[in-house]
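Read the structure below first, then the notes.
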Amino acid sequence: MSMWRLPEEIEVDIFLKLPVNSILACRCVCKPWCGLLTKPKFIKDHLDLTIQSNNNNNPRLMFGQSQYDQGKNPIINSVDYKSISSSSSSSASDFPEMKVVSMEYPFEKINTKAIVFLGSCTGLICLGVSNNGTSINEKNWICIWNPSTGEYIDIKLHILEFREKASYCYRYGFGYGSNIDDYKLVQISGYDNCWSQIVKVCTIGSKCWKTIQSKHPYVFSGQLHENLHGVFINGVLHWSGATKATFGITGKHIVCFDINEERFMDIPFPEETVLPLQQHQETYREVGVLGDCLCVVFSVIGTRTDVWVMQDYGVRESWTKIFTTTQETMTRDRFLKPIWSFENGDILVHSCGQSSLCNHNNGNTTRKVLFDGINMGRYPESYVESLVSLKSRTYVKKRITNGNKESSDED
């Protein structure tokens with residue numbers, strides 16, 4: 001019996017068990033399969049299983065490689081977390097080297113100065129793109145991209161700014177709004193530490209912007225070229241910051257923006273991370289996600305770095321310290337970022353352009369992970385492979401292979 005003559009519910013059950021690349025190939029077999037495998041319900045069900053199932057879940061790490069000093073466009077690389085996990089059986093003295101894949105990305109063919117990762121959600125990556133013009137003519141924009149399918153959509157910004165040295169600063173956020181079944185881009189702006197109360201939100205499907213008035217102005221940690229984007233978890237974006245009062249900063253906490261309600265709220269840091277320290281000790285707090293939990297990296301620069309996870313979202317008492325290191329290469333960097341946690345207790349962290357596997361179950365050991373000798377830069381981003389469509393019908397053009405240019409699938 002031909003596969004397309006099977007009852008549809010059986011076909012769906014079979015296809016849901018396949019990885020994204022196999023489903024994309026099956027879409028090209030015949031029109032009935034293409035129709036079935038592009039249905040919104042099938043795409044949603046496949047994504048849900050991908051996120052929930054260890055067998056289907058294929059999380060990957062994406063990072064950029066600048067070639068600006070060589071007059072070339074950036075390279076975007078991707079590596080499978082499973083290959084990193086398989087290397088964790090090596091001894092602590094080994095430096096396992098991972099094989100990376102160079103990605104075809106939107107606007108790869110134009111003269112590009114820099115690409116910054118501004119978040120990921122359900123397999124979609126939010127990119128900040130700057131072209132390689134002069135500072136006066138430089139153009140910048142946001143691009144939402146599905147690296148698995150190659151589909152993308154570009155979003156115009158109200159204010160275009162990705163340069164590293166400027167008095168006008170920005171923070172971004174990208175996430176899914178379940179109440180409207182669409183994605184939203186959030187932009188918060190202000191001068192230096194005097195952040196604006198005005199927040200701009202773009203609904204991706206319509207590309208429509210609207211302005212939201214915040215009750216309290218916030219101050220965000222870091223400079224312009226650091227921590228550009230918020231961490232998305234539980235339908236909420238999170239940044240490390242504080243509330244700004246008339247006569248200074250009232251208190252440090254996690255600044256949150258609810259994507260559905262489009263309102264701000266606060267989550268307290270672990271109490272230990274906000275207690276007074278010795279004079280002249282510099283501290284730094286970075287927000288991230290480990291597993292399904294919100295996490296915070298607290299660094300006493302040059303002394304120690306702690307990793308905390310919030311086991312019960314929104315409950316301060318549930319903050320738990322899971323890892324501490326005094327390793328010099330990790331405590332001297334203000335921008336240590338937790339990236340991924342593995343079942344064996346390994347935590348992949350990014351620091352000083354390098355990655356390390358830390359294990360709190362094995363005497364807080366750390367060891368380097370090499371990605372073909374590539375420096376990862378400051379903006380690695382995790383994502384899952386998905387079939388999520390942006391409904392733009394615009395796809396990344398294929399690179400030239402053996403002298404022949406493959407189809408771009410653009411309509």
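In the structure tokens, chains take letters A, B, ... by order of appearance, with residues numbered from 1 within each chain and ligands from 1 in the order shown.
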
| query | Which neighbours of Asp181 (chain A) fall inside 10 Å, counting only C-alpha atoms, when residues of the same chain fewer than 4 positions from it are skipped, and could you give them as a ChimeraX atom specification? | reply | /A:176-177,205,260

Residue selection dump (all heavy atoms) as a short mmCIF file (atom, residue, chain, number, x, y, z; two decimals), in the first residue's frame:
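Writing the result to selection30.cif gives the following:
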data_model
loop_
_atom_site.label_atom_id
_atom_site.label_comp_id
_atom_site.auth_asym_id
_atom_site.auth_seq_id
_atom_site.Cartn_x
_atom_site.Cartn_y
_atom_site.Cartn_z
N TYR A 176 7.14 34.85 21.91
CA TYR A 176 5.86 34.42 21.34
C TYR A 176 4.71 34.84 22.23
O TYR A 176 4.73 34.61 23.45
CB TYR A 176 5.86 32.90 21.18
CG TYR A 176 4.54 32.30 20.74
CD1 TYR A 176 4.08 32.46 19.44
CD2 TYR A 176 3.76 31.57 21.63
CE1 TYR A 176 2.88 31.91 19.03
CE2 TYR A 176 2.56 31.01 21.24
CZ TYR A 176 2.12 31.18 19.93
OH TYR A 176 0.93 30.64 19.53
N GLY A 177 3.70 35.48 21.61
CA GLY A 177 2.49 35.85 22.33
C GLY A 177 1.39 34.83 22.09
O GLY A 177 0.80 34.80 21.00
N GLY A 205 3.78 39.38 12.60
CA GLY A 205 2.91 39.02 11.48
C GLY A 205 2.44 40.21 10.67
O GLY A 205 2.36 40.15 9.44
N ASN A 260 2.34 38.76 26.60
CA ASN A 260 0.89 38.76 26.39
C ASN A 260 0.23 40.00 26.95
O ASN A 260 -0.57 40.67 26.27
CB ASN A 260 0.26 37.51 27.03
CG ASN A 260 0.48 36.26 26.20
OD1 ASN A 260 0.46 36.29 24.98
ND2 ASN A 260 0.74 35.15 26.86
#

| message | Give me, as a list in words, all polymer residues having an atom no more than 7 Å from region 127-129 of chain A, counting only C-alpha atoms and skipping those fewer than 3 positions away in the same chain. | response | Ala114, Ile115, Val116, Phe117, Leu118, Asn140, Trp141, Ile142, Cys143 and Ile144 of chain A

Could you give me, as an mmCIF file with all heavy atoms, in the first residue's frame, the residues within 8 Å of Trp145 (chain A), counting only C-alpha atoms and dropping anything in the same chain fewer than 5 positions from it?
data_model
loop_
_atom_site.group_PDB
_atom_site.id
_atom_site.type_symbol
_atom_site.label_atom_id
_atom_site.label_comp_id
_atom_site.auth_asym_id
_atom_site.auth_seq_id
_atom_site.Cartn_x
_atom_site.Cartn_y
_atom_site.Cartn_z
ATOM 1 N N PRO A 106 20.218 34.976 5.981
ATOM 2 C CA PRO A 106 19.677 36.107 5.218
ATOM 3 C C PRO A 106 20.711 37.219 5.064
ATOM 4 O O PRO A 106 21.515 37.470 5.963
ATOM 5 C CB PRO A 106 18.500 36.575 6.082
ATOM 6 C CG PRO A 106 18.128 35.403 6.904
ATOM 7 C CD PRO A 106 19.407 34.657 7.168
ATOM 8 N N LEU A 124 12.930 30.028 15.892
ATOM 9 C CA LEU A 124 13.173 31.275 15.166
ATOM 10 C C LEU A 124 14.293 32.055 15.847
ATOM 11 O O LEU A 124 14.354 32.131 17.073
ATOM 12 C CB LEU A 124 11.914 32.135 15.118
ATOM 13 C CG LEU A 124 10.669 31.505 14.483
ATOM 14 C CD1 LEU A 124 9.514 32.496 14.503
ATOM 15 C CD2 LEU A 124 10.957 31.039 13.061
ATOM 16 N N ILE A 125 15.175 32.656 15.040
ATOM 17 C CA ILE A 125 16.279 33.457 15.541
ATOM 18 C C ILE A 125 16.023 34.916 15.189
ATOM 19 O O ILE A 125 15.656 35.238 14.058
ATOM 20 C CB ILE A 125 17.618 33.022 14.917
ATOM 21 C CG1 ILE A 125 17.843 31.524 15.112
ATOM 22 C CG2 ILE A 125 18.767 33.830 15.499
ATOM 23 C CD1 ILE A 125 18.113 31.106 16.520
ATOM 24 N N CYS A 126 16.220 35.804 16.158
ATOM 25 C CA CYS A 126 16.102 37.243 15.926
ATOM 26 C C CYS A 126 17.508 37.803 15.735
ATOM 27 O O CYS A 126 18.361 37.693 16.625
ATOM 28 C CB CYS A 126 15.400 37.920 17.098
ATOM 29 S SG CYS A 126 15.111 39.695 16.882
ATOM 30 N N LEU A 127 17.767 38.397 14.570
ATOM 31 C CA LEU A 127 19.077 38.925 14.230
ATOM 32 C C LEU A 127 19.043 40.445 14.130
ATOM 33 O O LEU A 127 18.098 41.019 13.585
ATOM 34 C CB LEU A 127 19.560 38.378 12.876
ATOM 35 C CG LEU A 127 19.683 36.863 12.707
ATOM 36 C CD1 LEU A 127 20.034 36.543 11.266
ATOM 37 C CD2 LEU A 127 20.727 36.297 13.647
ATOM 38 N N GLY A 150 14.950 28.074 6.345
ATOM 39 C CA GLY A 150 15.532 29.145 5.552
ATOM 40 C C GLY A 150 14.621 30.340 5.370
ATOM 41 O O GLY A 150 15.017 31.351 4.788
ATOM 42 N N GLU A 151 13.385 30.272 5.893
ATOM 43 C CA GLU A 151 12.447 31.384 5.731
ATOM 44 C C GLU A 151 12.820 32.538 6.664
ATOM 45 O O GLU A 151 13.296 32.322 7.778
ATOM 46 C CB GLU A 151 11.025 30.914 6.030
ATOM 47 C CG GLU A 151 9.964 31.958 5.690
ATOM 48 C CD GLU A 151 8.550 31.467 5.968
ATOM 49 O OE1 GLU A 151 8.411 30.483 6.730
ATOM 50 O OE2 GLU A 151 7.602 32.056 5.430
ATOM 51 N N TYR A 152 12.594 33.771 6.207
ATOM 52 C CA TYR A 152 12.897 34.923 7.049
ATOM 53 C C TYR A 152 11.986 36.103 6.703
ATOM 54 O O TYR A 152 11.296 36.116 5.676
ATOM 55 C CB TYR A 152 14.365 35.346 6.903
ATOM 56 C CG TYR A 152 14.726 35.957 5.564
ATOM 57 C CD1 TYR A 152 14.668 37.336 5.358
ATOM 58 C CD2 TYR A 152 15.138 35.155 4.495
ATOM 59 C CE1 TYR A 152 15.007 37.899 4.136
ATOM 60 C CE2 TYR A 152 15.471 35.698 3.272
ATOM 61 C CZ TYR A 152 15.419 37.073 3.090
ATOM 62 O OH TYR A 152 15.745 37.625 1.875
ATOM 63 N N ILE A 153 11.999 37.081 7.608
ATOM 64 C CA ILE A 153 11.253 38.320 7.399
ATOM 65 C C ILE A 153 12.076 39.443 8.024
ATOM 66 O O ILE A 153 12.678 39.271 9.079
ATOM 67 C CB ILE A 153 9.847 38.244 8.039
ATOM 68 C CG1 ILE A 153 9.011 39.467 7.682
ATOM 69 C CG2 ILE A 153 9.911 38.072 9.547
ATOM 70 C CD1 ILE A 153 7.541 39.329 8.094
#

| message | Using only C-alpha atoms, which protein or nucleic acid residues come within 12 Å of Glu385 (chain A)? Drop anything in the same chain fewer than 2 positions from it, and give the result as an NGL selection string. | response | :A and (18-24 or 43 or 46-51 or 56-62 or 78-81 or 120-125 or 145-150 or 382-383 or 387-388)

Which of region 3-39 of chain A fall in alpha helix (DSSP H), as a PDB file with N, CA and C atoms, in the first residue's frame:
ATOM      1  N   GLU A   8      -5.120   9.357   7.256  1.00  0.00           N
ATOM      2  CA  GLU A   8      -4.343  10.553   7.564  1.00  0.00           C
ATOM      3  C   GLU A   8      -3.815  10.546   8.989  1.00  0.00           C
ATOM      4  N   GLU A   9      -4.611  10.040   9.938  1.00  0.00           N
ATOM      5  CA  GLU A   9      -4.152  10.055  11.331  1.00  0.00           C
ATOM      6  C   GLU A   9      -2.919   9.174  11.525  1.00  0.00           C
ATOM      7  N   ILE A  10      -2.807   8.092  10.735  1.00  0.00           N
ATOM      8  CA  ILE A  10      -1.628   7.232  10.817  1.00  0.00           C
ATOM      9  C   ILE A  10      -0.427   7.929  10.184  1.00  0.00           C
ATOM     10  N   GLU A  11      -0.657   8.575   9.029  1.00  0.00           N
ATOM     11  CA  GLU A  11       0.429   9.336   8.394  1.00  0.00           C
ATOM     12  C   GLU A  11       0.971  10.399   9.347  1.00  0.00           C
ATOM     13  N   VAL A  12       0.058  11.130   9.971  1.00  0.00           N
ATOM     14  CA  VAL A  12       0.470  12.198  10.879  1.00  0.00           C
ATOM     15  C   VAL A  12       1.307  11.629  12.021  1.00  0.00           C
ATOM     16  N   ASP A  13       0.863  10.497  12.573  1.00  0.00           N
ATOM     17  CA  ASP A  13       1.576   9.889  13.687  1.00  0.00           C
ATOM     18  C   ASP A  13       2.993   9.492  13.279  1.00  0.00           C
ATOM     19  N   ILE A  14       3.141   9.024  12.046  1.00  0.00           N
ATOM     20  CA  ILE A  14       4.470   8.638  11.555  1.00  0.00           C
ATOM     21  C   ILE A  14       5.335   9.879  11.342  1.00  0.00           C
ATOM     22  N   PHE A  15       4.784  10.880  10.672  1.00  0.00           N
ATOM     23  CA  PHE A  15       5.557  12.086  10.353  1.00  0.00           C
ATOM     24  C   PHE A  15       5.977  12.851  11.610  1.00  0.00           C
ATOM     25  N   VAL A  20      13.172  17.448  11.542  1.00  0.00           N
ATOM     26  CA  VAL A  20      12.769  18.523  10.632  1.00  0.00           C
ATOM     27  C   VAL A  20      13.286  18.295   9.211  1.00  0.00           C
ATOM     28  N   ASN A  21      14.566  17.939   9.061  1.00  0.00           N
ATOM     29  CA  ASN A  21      15.127  17.767   7.723  1.00  0.00           C
ATOM     30  C   ASN A  21      14.397  16.695   6.921  1.00  0.00           C
ATOM     31  N   SER A  22      13.996  15.618   7.583  1.00  0.00           N
ATOM     32  CA  SER A  22      13.274  14.546   6.899  1.00  0.00           C
ATOM     33  C   SER A  22      11.890  15.019   6.458  1.00  0.00           C
ATOM     34  N   ILE A  23      11.226  15.800   7.294  1.00  0.00           N
ATOM     35  CA  ILE A  23       9.899  16.315   6.944  1.00  0.00           C
ATOM     36  C   ILE A  23       9.995  17.281   5.768  1.00  0.00           C
ATOM     37  N   LEU A  24      11.023  18.109   5.756  1.00  0.00           N
ATOM     38  CA  LEU A  24      11.199  19.036   4.636  1.00  0.00           C
ATOM     39  C   LEU A  24      11.401  18.272   3.332  1.00  0.00           C
ATOM     40  N   ALA A  25      12.123  17.159   3.408  1.00  0.00           N
ATOM     41  CA  ALA A  25      12.317  16.333   2.213  1.00  0.00           C
ATOM     42  C   ALA A  25      11.007  15.687   1.784  1.00  0.00           C
ATOM     43  N   CYS A  26      10.215  15.228   2.755  1.00  0.00           N
ATOM     44  CA  CYS A  26       8.936  14.579   2.443  1.00  0.00           C
ATOM     45  C   CYS A  26       7.942  15.553   1.806  1.00  0.00           C
ATOM     46  N   LYS A  31       2.059  16.303  -3.643  1.00  0.00           N
ATOM     47  CA  LYS A  31       1.199  17.377  -3.153  1.00  0.00           C
ATOM     48  C   LYS A  31       0.426  16.999  -1.891  1.00  0.00           C
ATOM     49  N   PRO A  32      -0.116  15.772  -1.799  1.00  0.00           N
ATOM     50  CA  PRO A  32      -0.831  15.428  -0.555  1.00  0.00           C
ATOM     51  C   PRO A  32       0.054  15.533   0.676  1.00  0.00           C
ATOM     52  N   TRP A  33       1.294  15.047   0.562  1.00  0.00           N
ATOM     53  CA  TRP A  33       2.200  15.146   1.708  1.00  0.00           C
ATOM     54  C   TRP A  33       2.544  16.602   2.007  1.00  0.00           C
ATOM     55  N   CYS A  34       2.767  17.364   0.943  1.00  0.00           N
ATOM     56  CA  CYS A  34       3.104  18.783   1.138  1.00  0.00           C
ATOM     57  C   CYS A  34       1.966  19.494   1.860  1.00  0.00           C
ATOM     58  N   GLY A  35       0.727  19.214   1.446  1.00  0.00           N
ATOM     59  CA  GLY A  35      -0.422  19.840   2.088  1.00  0.00           C
ATOM     60  C   GLY A  35      -0.545  19.442   3.550  1.00  0.00           C
ATOM     61  N   LEU A  36      -0.308  18.161   3.818  1.00  0.00           N
ATOM     62  CA  LEU A  36      -0.421  17.653   5.189  1.00  0.00           C
ATOM     63  C   LEU A  36       0.669  18.238   6.086  1.00  0.00           C
ATOM     64  N   LEU A  37       1.896  18.289   5.572  1.00  0.00           N
ATOM     65  CA  LEU A  37       3.051  18.667   6.394  1.00  0.00           C
ATOM     66  C   LEU A  37       3.238  20.174   6.529  1.00  0.00           C
TER      67      LEU A  37
END

| request: From a DSSP pass on the backbone, collect the residues of region 273-330 of chain A flagged as strand (DSSP E or B) and hand them back as a VMD selection string. | output: chain A and resid 283 to 290 293 to 300 304 to 310 319 to 325

| task | Could you give me, as a ChimeraX atom specification, the residues within 10 Å of Arg263 (chain A), counting only C-alpha atoms and dropping anything in the same chain fewer than 2 positions from it? | result | /A:199,212-215,236,256-261,265

| request: Between CA of Ile347 (chain A) and CA of Asn359 (chain A), measure the distance and give it in Å to one decimal. | output: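 Answer for the CA of Ile347 (chain A) to CA of Asn359 (chain A) separation: 6.2 Å.
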
| query | Which residues come within 10 Å of Lys72 (chain A), counting only C-alpha atoms, excluding same-chain residues fewer than 4 positions away, as a list in words? | reply | Ser66, Gln67, Tyr68, Asn111, Thr112, Lys113 and Asn132 of chain A

The selected residues should be written to file as a PDB file, in the first residue's frame (atoms: all heavy atoms).
ATOM      1  N   SER A  66      33.162  37.005  13.356  1.00  0.00           N
ATOM      2  CA  SER A  66      33.401  38.254  12.640  1.00  0.00           C
ATOM      3  C   SER A  66      34.611  38.136  11.717  1.00  0.00           C
ATOM      4  O   SER A  66      35.619  37.527  12.067  1.00  0.00           O
ATOM      5  CB  SER A  66      33.633  39.390  13.633  1.00  0.00           C
ATOM      6  OG  SER A  66      33.986  40.584  12.956  1.00  0.00           O
ATOM      7  N   GLN A  67      34.480  38.702  10.522  1.00  0.00           N
ATOM      8  CA  GLN A  67      35.596  38.799   9.581  1.00  0.00           C
ATOM      9  C   GLN A  67      35.780  40.246   9.122  1.00  0.00           C
ATOM     10  O   GLN A  67      36.287  40.512   8.047  1.00  0.00           O
ATOM     11  CB  GLN A  67      35.359  37.887   8.372  1.00  0.00           C
ATOM     12  CG  GLN A  67      35.215  36.414   8.714  1.00  0.00           C
ATOM     13  CD  GLN A  67      35.203  35.538   7.483  1.00  0.00           C
ATOM     14  OE1 GLN A  67      36.132  34.785   7.221  1.00  0.00           O
ATOM     15  NE2 GLN A  67      34.142  35.648   6.705  1.00  0.00           N
ATOM     16  N   TYR A  68      35.321  41.176   9.970  1.00  0.00           N
ATOM     17  CA  TYR A  68      35.320  42.595   9.613  1.00  0.00           C
ATOM     18  C   TYR A  68      36.728  43.101   9.332  1.00  0.00           C
ATOM     19  O   TYR A  68      36.946  43.894   8.411  1.00  0.00           O
ATOM     20  CB  TYR A  68      34.682  43.399  10.739  1.00  0.00           C
ATOM     21  CG  TYR A  68      34.572  44.883  10.447  1.00  0.00           C
ATOM     22  CD1 TYR A  68      33.789  45.345   9.395  1.00  0.00           C
ATOM     23  CD2 TYR A  68      35.253  45.809  11.229  1.00  0.00           C
ATOM     24  CE1 TYR A  68      33.681  46.701   9.123  1.00  0.00           C
ATOM     25  CE2 TYR A  68      35.145  47.167  10.975  1.00  0.00           C
ATOM     26  CZ  TYR A  68      34.363  47.612   9.919  1.00  0.00           C
ATOM     27  OH  TYR A  68      34.261  48.947   9.657  1.00  0.00           O
ATOM     28  N   ASN A 111      26.866  43.516   1.567  1.00  0.00           N
ATOM     29  CA  ASN A 111      28.023  43.947   2.343  1.00  0.00           C
ATOM     30  C   ASN A 111      27.608  44.165   3.793  1.00  0.00           C
ATOM     31  O   ASN A 111      26.990  45.171   4.135  1.00  0.00           O
ATOM     32  CB  ASN A 111      28.567  45.242   1.736  1.00  0.00           C
ATOM     33  CG  ASN A 111      29.981  45.530   2.182  1.00  0.00           C
ATOM     34  OD1 ASN A 111      30.631  44.677   2.781  1.00  0.00           O
ATOM     35  ND2 ASN A 111      30.461  46.725   1.906  1.00  0.00           N
ATOM     36  N   THR A 112      27.936  43.219   4.654  1.00  0.00           N
ATOM     37  CA  THR A 112      27.457  43.228   6.040  1.00  0.00           C
ATOM     38  C   THR A 112      28.599  43.485   7.012  1.00  0.00           C
ATOM     39  O   THR A 112      29.640  42.834   6.953  1.00  0.00           O
ATOM     40  CB  THR A 112      26.787  41.886   6.377  1.00  0.00           C
ATOM     41  OG1 THR A 112      25.728  41.652   5.454  1.00  0.00           O
ATOM     42  CG2 THR A 112      26.229  41.915   7.792  1.00  0.00           C
ATOM     43  N   LYS A 113      28.382  44.437   7.918  1.00  0.00           N
ATOM     44  CA  LYS A 113      29.402  44.774   8.916  1.00  0.00           C
ATOM     45  C   LYS A 113      29.334  43.845  10.118  1.00  0.00           C
ATOM     46  O   LYS A 113      30.347  43.322  10.580  1.00  0.00           O
ATOM     47  CB  LYS A 113      29.215  46.216   9.365  1.00  0.00           C
ATOM     48  CG  LYS A 113      30.164  46.653  10.479  1.00  0.00           C
ATOM     49  CD  LYS A 113      29.888  48.091  10.880  1.00  0.00           C
ATOM     50  CE  LYS A 113      30.810  48.521  12.020  1.00  0.00           C
ATOM     51  NZ  LYS A 113      30.543  49.917  12.436  1.00  0.00           N
ATOM     52  N   ASN A 132      27.721  47.518   5.871  1.00  0.00           N
ATOM     53  CA  ASN A 132      29.103  47.974   6.005  1.00  0.00           C
ATOM     54  C   ASN A 132      29.303  49.340   5.366  1.00  0.00           C
ATOM     55  O   ASN A 132      30.288  49.579   4.670  1.00  0.00           O
ATOM     56  CB  ASN A 132      30.055  46.954   5.373  1.00  0.00           C
ATOM     57  CG  ASN A 132      31.460  47.087   5.898  1.00  0.00           C
ATOM     58  OD1 ASN A 132      31.715  47.836   6.826  1.00  0.00           O
ATOM     59  ND2 ASN A 132      32.376  46.355   5.291  1.00  0.00           N
TER      60      ASN A 132
END

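Here CA of Lys321 (chain A) and CA of Leu357 (chain A) stand 17.0 Å from one another.
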
| query | Which of these residues is nearest to Asp292 (chain A), using only C-alpha atoms: A:Ile198, A:Ile233, A:Val186, A:Val255? | reply |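 Of all the options, A:Ile233 lies closest to Asp292 (chain A).
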
| query | When you draw a straight line from CA of Gly314 (chain A) to CA of Cys293 (chain A), how long is it in Å? | reply |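 CA of Cys293 (chain A) lies at a distance of 10.5 Å from CA of Gly314 (chain A).
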